Amino acid sequence: MRRISHHHDLTILGLHKSILEEAGIASFVLNGNSWWLANGEIALLSLVLGKRDHVQNPLFAPALCLVEDEYFDEALEILKAYQAPSLLGPDWDCPGCGERISGNFDACWQCNTATTIQPPIL
Ligand SMILES: [Zn+2]
């Protein structure tokens with residue numbers, strides 16, 4: 001079981017799970033409910049106040065995990081290749097861990113730190 005993607009938005013993890021399933025790679029969402037138990041009230045308050053930098057506990061952050069670790073590199077390439085062109089921003093360096101992140105992600109897949117780059121207005 002290896003974590004391939006972190007995101008506070010379970011719909012994003014669900015999308016990643018579906019993409020990997022289409023490629024025949026089995027995965028599951030870890031901490032889907034516990035994150036909201038630990039952070040949901042703070043996250044909702046942050047949304048109301050218009051703040052994105054709410055406190056997150058990475059221990060309980062929702063994560064997409066691979067059932068079989070040997071597909072990690074392939075799965076990572078698939079997720080990196082998946083891009084919604086109209087939403088694609090520039091690649092960015094994670095301020096939390098320094099990982100280079102593809103522009104179609106708004107949070108680091110290593111440490112779940114959110115990007116400071118604003119998405120394009122459609
Ligand atoms: Zn990071």
# chains A, B, ... in the order shown; residues from 1 in each chain; ligands from 1
$ closest_atom_pairs --of "segment 65-97 of chain A" --to "segment 20-31 of chain A" --cutoff "12 Å" --atoms "only C-alpha atoms" --output "tab-separated table"
residue	atom	partner	partner_atom	distance
A:Cys65	CA	A:Ser27	CA	5.4
A:Leu66	CA	A:Ser27	CA	4.3
A:Val67	CA	A:Ser27	CA	5.2
A:Glu68	CA	A:Ala26	CA	7.4
A:Asp69	CA	A:Ser27	CA	9.9
A:Glu70	CA	A:Ile25	CA	10.2
A:Tyr71	CA	A:Ile25	CA	7.1
A:Phe72	CA	A:Ile25	CA	9.3
A:Asp73	CA	A:Ile25	CA	11.4
A:Glu74	CA	A:Ile25	CA	9.0
A:Ala75	CA	A:Leu20	CA	6.6
A:Leu76	CA	A:Leu20	CA	9.4
A:Glu77	CA	A:Leu20	CA	10.4
A:Ile78	CA	A:Leu20	CA	7.4
A:Leu79	CA	A:Leu20	CA	7.7
A:Lys80	CA	A:Leu20	CA	11.4
A:Ala81	CA	A:Leu20	CA	11.6
A:Tyr82	CA	A:Leu20	CA	10.3
$ residues_near_ligand --ligand "ligand 1" --cutoff "12 Å" --atoms "only C-alpha atoms and all ligand atoms" --output "NGL selection string"
:A and (5-7 or 58 or 92-102 or 105-115)
$ atom_distance --atom1 "atom CA of Leu15 of chain A" --atom2 "atom CA of Gly32 of chain A"
13.7 Å
$ atom_distance --atom1 "atom CA of Met1 of chain A" --atom2 "atom CA of Asn104 of chain A"
24.7 Å
